[in-house]
>>> print(open('protein14.cif').read())   # mmCIF, C-alpha atoms
data_start
#
loop_
_atom_site.label_atom_id
_atom_site.label_comp_id
_atom_site.auth_asym_id
_atom_site.auth_seq_id
_atom_site.Cartn_x
_atom_site.Cartn_y
_atom_site.Cartn_z
CA MET A 142 -0.98 -10.17 -7.67
CA ALA A 143 -1.58 -6.41 -7.46
CA ASP A 144 -4.53 -5.26 -9.48
CA ILE A 145 -4.40 -1.80 -10.99
CA PHE A 146 -6.02 0.33 -8.28
CA PRO A 147 -6.49 4.05 -8.69
CA PRO A 148 -4.13 6.07 -6.52
CA LEU A 149 -5.38 6.50 -3.00
CA THR A 150 -4.16 10.07 -2.37
CA ALA A 151 -6.54 12.97 -2.42
CA ALA A 152 -5.98 15.39 -5.29
CA GLN A 153 -3.84 18.36 -4.34
CA VAL A 154 -3.60 21.77 -5.84
CA ASP A 155 0.12 22.36 -6.27
CA ALA A 156 0.80 26.08 -6.37
CA LYS A 157 4.19 26.26 -8.11
CA ILE A 158 5.54 29.78 -7.78
CA LYS A 159 7.96 30.90 -10.51
CA VAL A 160 11.64 30.97 -9.64
CA ASP A 161 12.14 34.72 -10.02
CA GLU A 162 9.40 35.59 -7.51
CA LYS A 163 10.21 35.82 -3.85
CA VAL A 164 9.43 32.63 -1.91
CA ASP A 165 6.28 33.05 0.16
CA TYR A 166 7.00 30.97 3.23
CA SER A 167 3.51 31.25 4.57
CA ASN A 168 1.96 29.74 1.47
CA LEU A 169 3.93 26.60 0.73
CA PRO A 170 2.38 23.70 -1.14
CA CYS A 171 1.31 20.58 0.71
CA PRO A 172 3.96 17.86 0.57
CA VAL A 173 3.42 14.35 -0.73
CA PRO A 174 2.39 11.77 1.87
CA TYR A 175 5.30 10.18 3.74
CA GLU A 176 4.75 6.73 2.30
CA GLU A 177 4.83 8.18 -1.22
CA LEU A 178 8.14 9.90 -0.77
CA HIS A 179 9.79 7.72 -3.37
CA ARG A 180 6.73 7.63 -5.61
CA GLU A 181 8.35 8.55 -8.92
CA ALA A 182 11.30 6.24 -8.40
CA LEU A 183 9.09 3.32 -7.41
CA MET A 184 7.02 3.71 -10.57
CA SER A 185 10.04 2.83 -12.69
CA LEU A 186 12.01 0.64 -10.36
CA ARG A 187 9.44 -1.49 -8.56
CA SER A 188 7.17 -2.57 -11.35
CA ASP A 189 4.99 -5.54 -10.50
CA ASN A 190 6.60 -8.31 -12.52
CA PHE A 191 4.73 -11.57 -12.38
CA GLU A 192 5.21 -15.09 -13.65
CA GLY A 193 2.69 -17.12 -15.57
CA LEU A 194 -0.70 -16.15 -16.86
CA ARG A 195 -2.76 -13.30 -15.50
CA PHE A 196 -6.23 -12.40 -16.63
CA ASP A 197 -8.23 -9.57 -15.04
CA PHE A 198 -11.75 -8.70 -15.94
CA THR A 199 -13.42 -5.65 -14.43
CA ARG A 200 -17.09 -5.06 -14.93
CA ALA A 201 -18.42 -1.63 -14.05
CA LEU A 202 -22.04 -1.68 -12.99
CA ASN A 203 -22.23 2.04 -12.57
CA GLN A 204 -19.79 4.88 -12.12
CA LYS A 205 -19.00 4.03 -8.55
CA PHE A 206 -19.42 0.29 -8.24
CA SER A 207 -17.59 -2.47 -10.11
CA LEU A 208 -16.89 -6.16 -9.77
CA SER A 209 -13.68 -7.82 -10.80
CA HIS A 210 -12.72 -11.38 -11.64
CA SER A 211 -9.11 -12.36 -11.80
CA VAL A 212 -7.41 -15.62 -12.76
CA MET A 213 -3.74 -16.30 -12.12
CA MET A 214 -1.87 -19.44 -13.07
CA GLY A 215 1.80 -19.94 -12.62
CA PRO A 216 4.58 -20.98 -10.33
CA THR A 217 4.75 -19.27 -6.97
CA GLU A 218 7.92 -19.19 -4.95
CA ILE A 219 8.07 -20.55 -1.46
CA PRO A 220 10.81 -19.32 0.80
CA SER A 221 13.50 -21.94 1.26
CA GLN A 222 16.63 -22.14 3.35
CA SER A 223 18.95 -23.13 0.54
CA SER A 224 19.99 -20.74 -2.16
CA GLU A 225 17.82 -22.50 -4.75
CA THR A 226 14.37 -21.14 -5.32
CA ILE A 227 11.56 -23.65 -4.98
CA LYS A 228 8.50 -23.01 -7.08
CA ILE A 229 5.15 -24.71 -6.92
CA PRO A 230 2.64 -24.29 -9.73
CA THR A 231 -0.61 -22.85 -8.47
CA ALA A 232 -3.75 -21.49 -9.98
CA HIS A 233 -6.26 -19.29 -8.30
CA TYR A 234 -9.32 -17.22 -8.95
CA GLU A 235 -10.03 -14.02 -7.14
CA PHE A 236 -13.32 -12.19 -6.94
CA GLY A 237 -13.40 -8.55 -6.03
CA ALA A 238 -15.81 -5.72 -5.48
CA ASN A 239 -14.89 -2.02 -5.57
CA TYR A 240 -16.84 1.01 -4.55
CA TYR A 241 -15.30 4.39 -5.44
CA ASP A 242 -16.84 7.51 -4.01
CA PRO A 243 -15.03 10.81 -3.47
CA LYS A 244 -15.59 10.36 0.26
CA LEU A 245 -15.48 6.59 0.66
CA LEU A 246 -13.41 3.96 -1.06
CA LEU A 247 -14.02 0.26 -0.42
CA ILE A 248 -12.01 -2.47 -2.13
CA GLY A 249 -12.39 -6.12 -1.26
CA ARG A 250 -10.79 -9.18 -2.85
CA VAL A 251 -11.46 -12.76 -1.90
CA MET A 252 -9.58 -15.80 -3.22
CA THR A 253 -10.67 -19.38 -3.62
CA ASP A 254 -8.79 -20.44 -0.51
CA GLY A 255 -10.76 -18.01 1.63
CA ARG A 256 -8.23 -15.22 1.98
CA LEU A 257 -9.83 -11.80 2.10
CA SER A 258 -7.93 -8.62 1.48
CA ALA A 259 -9.85 -5.47 2.35
CA ARG A 260 -9.05 -1.81 1.94
CA VAL A 261 -11.14 1.07 3.23
CA LYS A 262 -10.47 4.78 2.88
CA ALA A 263 -12.91 7.25 4.36
CA ASP A 264 -12.71 11.04 4.43
CA LEU A 265 -14.01 11.96 7.84
CA THR A 266 -13.55 15.67 7.28
CA GLU A 267 -11.78 17.73 4.61
CA LYS A 268 -8.47 17.23 6.31
CA LEU A 269 -8.74 13.95 8.21
CA VAL A 270 -8.68 10.65 6.35
CA VAL A 271 -8.98 7.18 7.87
CA LYS A 272 -7.50 4.24 5.99
CA ALA A 273 -7.69 0.59 6.92
CA ASN A 274 -5.98 -2.35 5.30
CA ALA A 275 -6.55 -5.95 6.32
CA GLN A 276 -5.60 -9.43 5.15
CA ILE A 277 -7.75 -12.06 6.80
CA THR A 278 -7.17 -15.78 6.41
CA ASN A 279 -8.83 -18.87 7.76
CA GLU A 280 -5.73 -19.97 9.59
CA GLN A 281 -5.27 -18.89 13.16
CA HIS A 282 -3.09 -15.88 13.89
CA GLN A 283 -2.15 -15.28 10.28
CA SER A 284 -4.37 -12.27 9.77
CA GLN A 285 -3.00 -8.76 9.61
CA ALA A 286 -4.65 -5.39 9.90
CA MET A 287 -3.42 -1.82 9.85
CA PHE A 288 -5.26 1.42 10.54
CA ASN A 289 -3.95 4.84 9.49
CA PHE A 290 -5.24 8.24 10.47
CA ASP A 291 -3.94 11.01 8.19
CA TYR A 292 -4.22 14.68 8.84
CA MET A 293 -3.42 17.12 6.03
CA GLY A 294 -2.47 20.61 7.13
CA SER A 295 -1.72 23.59 4.90
CA ASP A 296 1.93 22.69 4.36
CA TYR A 297 2.39 19.55 6.40
CA ARG A 298 0.99 16.07 6.81
CA ALA A 299 0.83 13.93 9.92
CA GLN A 300 -0.10 10.28 10.13
CA LEU A 301 -0.75 7.84 12.97
CA GLN A 302 -0.60 4.11 12.30
CA LEU A 303 -1.98 1.33 14.46
CA GLY A 304 -1.21 -2.26 13.60
CA GLN A 305 -2.67 -5.55 14.59
CA SER A 306 0.16 -7.01 16.62
CA ALA A 307 0.78 -4.01 18.88
CA LEU A 308 2.40 -1.82 16.27
CA ILE A 309 2.20 1.95 16.61
CA GLY A 310 3.81 4.39 14.22
CA ALA A 311 3.66 8.08 13.45
CA THR A 312 5.03 10.08 10.53
CA TYR A 313 5.27 13.76 9.88
CA ILE A 314 6.35 15.63 6.77
CA GLN A 315 6.67 19.37 6.29
CA SER A 316 7.30 21.58 3.26
CA VAL A 317 10.31 23.73 4.02
CA THR A 318 10.58 25.59 0.74
CA ASN A 319 8.69 25.29 -2.52
CA HIS A 320 10.84 22.39 -3.61
CA LEU A 321 12.15 20.81 -0.41
CA SER A 322 10.22 18.84 2.15
CA LEU A 323 11.58 17.10 5.23
CA GLY A 324 9.96 14.46 7.35
CA GLY A 325 10.43 11.95 10.11
CA GLU A 326 8.86 8.81 11.50
CA VAL A 327 8.83 6.83 14.73
CA PHE A 328 7.44 3.38 15.32
CA TRP A 329 7.16 0.93 18.17
CA ALA A 330 6.52 -2.77 17.57
CA GLY A 331 5.32 -4.87 20.46
CA VAL A 332 5.98 -8.38 19.24
CA PRO A 333 9.68 -8.15 18.49
CA ARG A 334 10.11 -5.50 21.10
CA LYS A 335 11.80 -2.77 19.19
CA SER A 336 11.29 0.81 18.24
CA GLY A 337 12.76 2.85 15.49
CA ILE A 338 13.09 6.33 14.17
CA GLY A 339 13.72 7.56 10.67
CA TYR A 340 14.22 10.76 8.68
CA ALA A 341 13.46 11.61 5.09
CA ALA A 342 13.99 14.44 2.66
CA ARG A 343 12.62 15.12 -0.78
CA TYR A 344 13.63 17.75 -3.30
CA GLU A 345 11.60 18.14 -6.44
CA THR A 346 11.46 20.47 -9.39
CA ASP A 347 9.64 20.22 -12.69
CA LYS A 348 12.40 18.17 -14.19
CA MET A 349 13.73 16.01 -11.40
CA VAL A 350 12.96 14.49 -8.03
CA ALA A 351 15.59 13.46 -5.49
CA SER A 352 14.71 11.81 -2.21
CA ALA A 353 16.55 10.13 0.64
CA GLN A 354 15.49 8.18 3.70
CA VAL A 355 17.44 6.93 6.71
CA ALA A 356 16.01 4.67 9.41
CA SER A 357 17.35 3.27 12.64
CA THR A 358 16.65 -0.24 11.35
CA GLY A 359 19.76 0.34 9.30
CA ALA A 360 18.18 1.11 5.94
CA VAL A 361 19.43 3.99 3.85
CA VAL A 362 17.61 4.66 0.58
CA MET A 363 18.50 7.38 -1.91
CA ASN A 364 17.00 7.85 -5.31
CA TYR A 365 16.97 10.29 -8.17
CA VAL A 366 14.49 10.57 -11.03
CA GLN A 367 15.02 12.76 -14.08
CA LYS A 368 12.09 13.53 -16.31
CA ILE A 369 13.62 13.82 -19.75
CA SER A 370 10.35 14.61 -21.50
CA ASP A 371 6.65 13.91 -21.12
CA LYS A 372 7.19 10.42 -22.37
CA VAL A 373 10.51 9.38 -20.89
CA SER A 374 11.83 9.35 -17.38
CA LEU A 375 14.94 7.72 -15.97
CA ALA A 376 15.45 6.72 -12.38
CA THR A 377 18.28 5.47 -10.24
CA ASP A 378 18.23 4.04 -6.77
CA PHE A 379 20.73 3.18 -4.06
CA MET A 380 19.82 1.04 -1.04
CA TYR A 381 22.21 0.29 1.77
CA ASN A 382 21.73 -1.44 5.10
CA TYR A 383 24.46 -0.55 7.52
CA PHE A 384 23.84 -3.49 9.83
CA SER A 385 23.78 -6.26 7.32
CA ARG A 386 26.05 -4.48 4.85
CA ASP A 387 23.76 -5.16 1.90
CA VAL A 388 24.08 -2.80 -1.00
CA THR A 389 21.87 -2.62 -4.05
CA ALA A 390 21.98 -0.05 -6.81
CA SER A 391 19.60 -0.01 -9.74
CA VAL A 392 18.92 2.03 -12.83
CA GLY A 393 15.59 2.06 -14.61
CA TYR A 394 13.52 3.76 -17.26
CA ASP A 395 9.85 4.45 -17.86
CA TYR A 396 8.54 5.22 -21.35
CA ILE A 397 4.93 6.33 -21.48
CA LEU A 398 3.91 6.14 -25.13
CA ARG A 399 0.53 6.68 -26.67
CA GLN A 400 -0.50 3.04 -26.85
CA ALA A 401 2.00 1.39 -24.56
CA ARG A 402 4.02 1.79 -21.41
CA VAL A 403 7.42 0.13 -21.05
CA ARG A 404 9.32 0.03 -17.78
CA GLY A 405 12.60 -1.70 -17.20
CA LYS A 406 15.46 -1.81 -14.80
CA ILE A 407 18.80 -3.39 -14.17
CA ASP A 408 20.19 -4.10 -10.77
CA SER A 409 23.55 -4.61 -9.13
CA ASN A 410 22.35 -8.05 -7.96
CA GLY A 411 22.36 -9.16 -11.57
CA VAL A 412 18.61 -8.78 -12.08
CA ALA A 413 17.26 -7.29 -15.29
CA SER A 414 13.54 -6.88 -15.64
CA ALA A 415 10.99 -5.25 -17.91
CA LEU A 416 7.26 -4.83 -18.05
CA LEU A 417 5.22 -3.88 -21.11
CA GLU A 418 1.59 -2.75 -20.93
CA GLU A 419 0.05 -2.24 -24.33
CA ARG A 420 -3.41 -0.92 -25.02
CA LEU A 421 -4.77 -3.09 -27.81
CA SER A 422 -8.08 -1.29 -27.94
CA MET A 423 -10.38 0.59 -25.58
CA GLY A 424 -10.38 -1.21 -22.27
CA LEU A 425 -8.19 -4.09 -23.44
CA ASN A 426 -4.61 -4.14 -22.15
CA PHE A 427 -1.96 -6.69 -22.89
CA LEU A 428 0.86 -7.27 -20.39
CA LEU A 429 4.24 -8.88 -20.88
CA SER A 430 6.64 -9.26 -18.00
CA ALA A 431 10.16 -10.63 -17.82
CA GLU A 432 12.64 -10.87 -14.98
CA LEU A 433 16.06 -12.42 -15.37
CA ASP A 434 18.04 -13.09 -12.22
CA HIS A 435 21.45 -14.14 -13.45
CA LYS A 436 22.93 -14.62 -10.02
CA LYS A 437 20.32 -17.08 -8.80
CA LYS A 438 19.63 -18.42 -12.28
CA ASP A 439 15.93 -17.71 -11.96
CA TYR A 440 14.11 -16.60 -15.10
CA LYS A 441 10.53 -15.51 -14.91
CA PHE A 442 8.27 -14.68 -17.82
CA GLY A 443 4.63 -13.76 -17.67
CA PHE A 444 1.87 -12.60 -19.92
CA GLY A 445 -1.57 -11.32 -19.20
CA LEU A 446 -4.65 -9.57 -20.39
CA THR A 447 -6.68 -6.93 -18.58
CA VAL A 448 -10.21 -6.21 -19.69
CA GLY A 449 -12.09 -3.18 -18.45
CA MET B 246 -6.87 -4.32 18.75
CA ALA B 247 -3.91 -5.72 20.63
CA ALA B 248 -2.24 -2.27 20.46
CA LYS B 249 -5.08 -0.72 22.44
CA ALA B 250 -5.06 -3.71 24.82
CA SER B 251 -1.35 -3.25 25.54
CA LEU B 252 -1.78 0.49 26.17
CA LYS B 253 -4.57 -0.31 28.59
CA ILE B 254 -2.26 -2.82 30.32
CA LYS B 255 0.15 0.01 31.08
CA GLY B 256 -2.64 2.28 32.33
CA LYS B 257 -4.12 -0.31 34.65
CA GLY B 258 -0.70 -1.40 35.91
CA LYS B 259 0.21 2.16 36.89
CA GLY B 260 -3.22 2.71 38.42
CA SER B 261 -3.05 -0.36 40.60
CA SER B 262 0.50 0.37 41.79
CA LYS B 263 -0.14 4.04 42.56
CA GLY B 264 -3.39 3.32 44.37
CA SER B 265 -3.75 1.87 47.84
CA SER B 266 -1.46 -1.08 48.29
CA SER B 267 -3.98 -3.44 49.91
CA SER B 268 -3.78 -6.84 48.28
CA SER B 269 -7.54 -7.39 48.06
CA SER B 270 -8.16 -4.28 45.96
CA SER B 271 -5.24 -5.04 43.66
CA SER B 272 -6.41 -8.63 43.13
CA SER B 273 -9.94 -7.44 42.33
CA VAL B 274 -8.47 -4.90 39.91
CA SER B 275 -6.33 -7.58 38.26
CA SER B 276 -9.25 -9.99 37.97
CA LYS B 277 -11.42 -7.24 36.47
CA TYR B 278 -8.58 -6.55 34.07
CA LYS B 279 -8.39 -10.25 33.13
CA VAL B 280 -12.12 -10.26 32.44
CA PHE B 281 -11.73 -7.11 30.35
CA LYS B 282 -8.85 -8.60 28.37
CA ALA B 283 -10.77 -11.84 27.73
CA TRP B 284 -13.76 -9.78 26.60
CA THR B 285 -11.67 -7.73 24.15
CA ASN B 286 -10.14 -10.92 22.73
CA TRP B 287 -13.57 -12.45 22.27
CA SER B 288 -14.90 -9.31 20.57
CA LEU B 289 -11.88 -9.07 18.29
CA GLU B 290 -12.38 -12.68 17.24
CA LYS B 291 -16.03 -12.01 16.47
CA ALA B 292 -15.13 -8.83 14.58
CA LYS B 293 -12.60 -10.75 12.51
CA VAL B 294 -15.14 -13.40 11.56
CA ALA B 295 -17.77 -10.75 10.78
CA THR B 296 -15.33 -8.87 8.53
CA HIS B 297 -14.23 -12.06 6.83
CA TYR B 298 -17.76 -13.05 5.86
CA GLY B 299 -19.42 -9.70 5.61
CA PHE B 300 -17.02 -7.27 3.91
CA ILE B 301 -17.68 -8.22 0.30
CA PRO B 302 -21.48 -8.45 0.82
CA LEU B 303 -21.29 -5.01 2.47
CA ILE B 304 -19.58 -3.54 -0.59
CA ILE B 305 -22.14 -5.18 -2.86
CA ILE B 306 -25.06 -3.81 -0.81
CA ILE B 307 -23.60 -0.30 -0.77
CA GLY B 308 -22.89 -0.51 -4.49
CA MET B 309 -26.32 -1.78 -5.46
CA ASN B 310 -27.92 1.10 -3.58
CA SER B 311 -25.83 3.85 -5.20
CA ASP B 312 -27.04 6.07 -8.06
CA PRO B 313 -27.87 5.02 -10.77
CA LYS B 314 -29.18 1.83 -9.27
CA PRO B 315 -27.93 -1.22 -11.18
CA ASP B 316 -30.11 -4.26 -11.83
CA LEU B 317 -29.75 -7.57 -10.05
CA PHE B 318 -29.32 -9.15 -13.49
CA GLN B 319 -26.31 -6.92 -14.16
CA LEU B 320 -24.75 -8.12 -10.94
CA LEU B 321 -25.06 -11.80 -11.76
CA SER B 322 -24.48 -11.97 -15.50
CA PRO B 323 -20.93 -12.32 -16.78
CA VAL B 324 -21.31 -9.88 -19.66
#
>>> encode(input="protein14.cif", output="structure tokens")
Amino acid sequence: MADIFPPLTAAQVDAKIKVDEKVDYSNLPCPVPYEELHREALMSLRSDNFEGLRFDFTRALNQKFSLSHSVMMGPTEIPSQSSETIKIPTAHYEFGANYYDPKLLLIGRVMTDGRLSARVKADLTEKLVVKANAQITNEQHQSQAMFNFDYMGSDYRAQLQLGQSALIGATYIQSVTNHLSLGGEVFWAGVPRKSGIGYAARYETDKMVASAQVASTGAVVMNYVQKISDKVSLATDFMYNYFSRDVTASVGYDYILRQARVRGKIDSNGVASALLEERLSMGLNFLLSAELDHKKKDYKFGFGLTVG
Amino acid sequence: MAAKASLKIKGKGKGSSKGSSSSSSSSSVSSKYKVFKAWTNWSLEKAKVATHYGFIPLIIIIGMNSDPKPDLFQLLSPV
């Protein structure tokens, strides 16, 4: 159901010093935000496959303001106890309004059943950004909200997160050299009373990005992305949970061609998926999505059209 | 938010235990705290309803007042 939003990060000037010069430790580039640590790997490996028909129409009224209408028809999964997946065919229409300003970003989407999803990003000062994300429903106690306060220093970023059901989290990431950045996070959740701590590292060069993340919830994630050329990049991912002993490894590719973009991946759970976005003409995009889960015998195919 | 409410719970709990241990002052503090908690719950409920109904109209109002100002016809027509 994700529409194609523009990236939320502020633009950064990345001063890449050449390898033969001496490293200037007082002038390191600003690292990527902590939640985008695995950004390049997620672009190839977590593409938004969908099932059924999807039609998005975006109408720009001026440079900053646009309205969007979106129709989705297809089976949606409901979580079930047995190993079989239960799908119910649904159709919904979603109306949205977007306002993009360099200092203020407002995105709102409302569905026919009354669910509102709202996203606000405001630049309070040059360095401090407030983000809010909320999903509000008509049912009692099903709404969620999250507020983030991000501070961007010269070579570090710090973030404080406040969530709706007594959730507090903080993350910090620091550039250690020109290529390496290290970070950590802590969180405390009130409802299931638990707290956690995690560490992350990211090493990037022009040709490759490697990142790793460990958390006290038991999750270990490591991934590696190699940029073969401007058009092709390959990614591989390894996820391990040391409490539940779940392991998943996946390999994926991302081809950015002139008129099309193809992304695909294959998984150790027996899932192969691909997503094609083709630009038929200016402002008209055609989407084809396929996901084959051989283990659960669940095959999903979708097609869609995006206008504007 | 409930996060702020739970932090305030800790603050008031410490305050009432470190202060004078007379039962009347602690019960008045706890009743004031109950009133405060009920008031924050009420205001959060109202804020949730206001956001639910008013967020999209707020975006539309801000958008229709930005430069260059679009027409009302452009807002309502499908083309």
>>> resolve_selection(input="protein14.cif", expression="the PyMOL selection byres ((chain A) within 9 of (chain B))", output="PyMOL selection string")
chain A and resi 200+202-208+237-240+247-251+255-259+277-279+284+303-309+331
>>> resolve_selection(input="protein14.cif", expression="the PyMOL selection byres ((chain A and resi 415-423) around 7)", output="PyMOL selection string")
chain A and resi 190+400-406+414+424-432
>>> residues_around(input="protein14.cif", residues="Phe191 of chain A", least_positions_apart="3", cutoff="12 Å", atoms="all atoms listed in the file", output="CSV table (one decimal) with C-alpha atoms, keeping the file's coordinate frame")
chain,number,residue,atom,x,y,z
A,142,MET,CA,-1.0,-10.2,-7.7
A,143,ALA,CA,-1.6,-6.4,-7.5
A,144,ASP,CA,-4.5,-5.3,-9.5
A,187,ARG,CA,9.4,-1.5,-8.6
A,188,SER,CA,7.2,-2.6,-11.4
A,194,LEU,CA,-0.7,-16.2,-16.9
A,195,ARG,CA,-2.8,-13.3,-15.5
A,196,PHE,CA,-6.2,-12.4,-16.6
A,213,MET,CA,-3.7,-16.3,-12.1
A,214,MET,CA,-1.9,-19.4,-13.1
A,215,GLY,CA,1.8,-19.9,-12.6
A,216,PRO,CA,4.6,-21.0,-10.3
A,217,THR,CA,4.8,-19.3,-7.0
A,218,GLU,CA,7.9,-19.2,-5.0
A,414,SER,CA,13.5,-6.9,-15.6
A,415,ALA,CA,11.0,-5.2,-17.9
A,416,LEU,CA,7.3,-4.8,-18.0
A,417,LEU,CA,5.2,-3.9,-21.1
A,428,LEU,CA,0.9,-7.3,-20.4
A,429,LEU,CA,4.2,-8.9,-20.9
A,430,SER,CA,6.6,-9.3,-18.0
A,431,ALA,CA,10.2,-10.6,-17.8
A,432,GLU,CA,12.6,-10.9,-15.0
A,433,LEU,CA,16.1,-12.4,-15.4
A,440,TYR,CA,14.1,-16.6,-15.1
A,441,LYS,CA,10.5,-15.5,-14.9
A,442,PHE,CA,8.3,-14.7,-17.8
A,443,GLY,CA,4.6,-13.8,-17.7
A,444,PHE,CA,1.9,-12.6,-19.9
A,445,GLY,CA,-1.6,-11.3,-19.2
>>> closest_residue(input="protein14.cif", among="A:Tyr340, A:Tyr234, A:Phe288, A:Tyr394", to="Arg260 of chain A", atoms="all atoms listed in the file")
A:Phe288
>>> resolve_selection(input="protein14.cif", expression="the PyMOL selection byres ((chain A and resi 295) around 8)", output="ChimeraX atom specification")
/A:168-171,293-294,296-297
>>> atom_distance(input="protein14.cif", atom1="atom CA of Tyr381 of chain A", atom2="atom CA of Gly339 of chain A")
14.3 Å
>>> atom_distance(input="protein14.cif", atom1="atom CA of Tyr396 of chain A", atom2="atom CA of Lys372 of chain A")
5.5 Å
>>> atom_distance(input="protein14.cif", atom1="atom CA of Glu280 of chain A", atom2="atom CA of Ala283 of chain B")
20.5 Å
>>> closest_residue(input="protein14.cif", among="A:Lys268, A:Lys348, A:Arg180, A:Arg298", to="Ile369 of chain A", atoms="all atoms listed in the file")
A:Lys348
>>> axis_aligned_box(input="protein14.cif", around="segment 365-373 of chain A", padding_each_side="3 Å", output="lines of an AutoDock Vina configuration file")
center_x = 11.8
center_y = 12.0
center_z = -15.3
size_x = 16.3
size_y = 11.2
size_z = 20.2
>>> closest_residue(input="protein14.cif", among="A:Val412, A:Val173, A:Ala263, A:Leu446", to="Phe198 of chain A", atoms="only C-alpha atoms")
A:Leu446
>>> residues_around(input="protein14.cif", residues="segment 317-320 of chain A", least_positions_apart="2", cutoff="7 Å", atoms="only C-alpha atoms", output="PDB file with C-alpha atoms, in the frame of the given file")
ATOM      1  CA  TYR A 166       7.000  30.970   3.230  1.00  0.00           C
ATOM      2  CA  LEU A 169       3.930  26.600   0.730  1.00  0.00           C
ATOM      3  CA  PRO A 170       2.380  23.700  -1.140  1.00  0.00           C
ATOM      4  CA  GLN A 315       6.670  19.370   6.290  1.00  0.00           C
ATOM      5  CA  SER A 322      10.220  18.840   2.150  1.00  0.00           C
ATOM      6  CA  LEU A 323      11.580  17.100   5.230  1.00  0.00           C
ATOM      7  CA  TYR A 344      13.630  17.750  -3.300  1.00  0.00           C
ATOM      8  CA  GLU A 345      11.600  18.140  -6.440  1.00  0.00           C
ATOM      9  CA  THR A 346      11.460  20.470  -9.390  1.00  0.00           C
TER      10      THR A 346
END
>>> residues_around(input="protein14.cif", residues="Gly359 of chain A", least_positions_apart="3", cutoff="8 Å", atoms="all atoms listed in the file", output="compact mmCIF listing (two decimals) with C-alpha atoms, in the coordinates of the input")
# COMPACT_ATOMS: atom_id res chain seq x y z
CA VAL A 355 17.44 6.93 6.71
CA ALA A 356 16.01 4.67 9.41
CA TYR A 381 22.21 0.29 1.77
CA ASN A 382 21.73 -1.44 5.10
CA TYR A 383 24.46 -0.55 7.52
CA PHE A 384 23.84 -3.49 9.83
CA SER A 385 23.78 -6.26 7.32
>>> decode(input="protein14.cif", residues="segment 169-173 of chain A", atoms="all heavy atoms", output="mmCIF file, in the first residue's frame")
data_model
loop_
_atom_site.group_PDB
_atom_site.id
_atom_site.type_symbol
_atom_site.label_atom_id
_atom_site.label_comp_id
_atom_site.auth_asym_id
_atom_site.auth_seq_id
_atom_site.Cartn_x
_atom_site.Cartn_y
_atom_site.Cartn_z
ATOM 1 N N LEU A 169 34.823 15.407 9.128
ATOM 2 C CA LEU A 169 34.239 14.200 8.560
ATOM 3 C C LEU A 169 32.841 14.488 8.033
ATOM 4 O O LEU A 169 32.154 15.375 8.522
ATOM 5 C CB LEU A 169 34.160 13.119 9.645
ATOM 6 C CG LEU A 169 35.509 12.603 10.128
ATOM 7 C CD1 LEU A 169 35.299 11.693 11.301
ATOM 8 C CD2 LEU A 169 36.201 11.874 9.014
ATOM 9 N N PRO A 170 32.389 13.715 7.053
ATOM 10 C CA PRO A 170 31.045 13.946 6.540
ATOM 11 C C PRO A 170 29.987 13.476 7.534
ATOM 12 O O PRO A 170 30.250 12.666 8.414
ATOM 13 C CB PRO A 170 30.995 13.084 5.270
ATOM 14 C CG PRO A 170 31.996 12.044 5.487
ATOM 15 C CD PRO A 170 33.085 12.654 6.317
ATOM 16 N N CYS A 171 28.792 13.990 7.369
ATOM 17 C CA CYS A 171 27.697 13.622 8.260
ATOM 18 C C CYS A 171 27.216 12.216 7.895
ATOM 19 O O CYS A 171 27.047 11.918 6.716
ATOM 20 C CB CYS A 171 26.561 14.627 8.082
ATOM 21 S SG CYS A 171 25.525 14.730 9.510
ATOM 22 N N PRO A 172 26.976 11.362 8.863
ATOM 23 C CA PRO A 172 26.566 10.005 8.507
ATOM 24 C C PRO A 172 25.099 9.950 8.096
ATOM 25 O O PRO A 172 24.363 10.897 8.286
ATOM 26 C CB PRO A 172 26.782 9.224 9.816
ATOM 27 C CG PRO A 172 26.642 10.249 10.872
ATOM 28 C CD PRO A 172 27.137 11.534 10.306
ATOM 29 N N VAL A 173 24.697 8.807 7.545
ATOM 30 C CA VAL A 173 23.285 8.656 7.186
ATOM 31 C C VAL A 173 22.474 8.511 8.477
ATOM 32 O O VAL A 173 23.012 8.102 9.497
ATOM 33 C CB VAL A 173 23.065 7.422 6.283
ATOM 34 C CG1 VAL A 173 23.813 7.567 5.008
ATOM 35 C CG2 VAL A 173 23.453 6.167 6.979
#
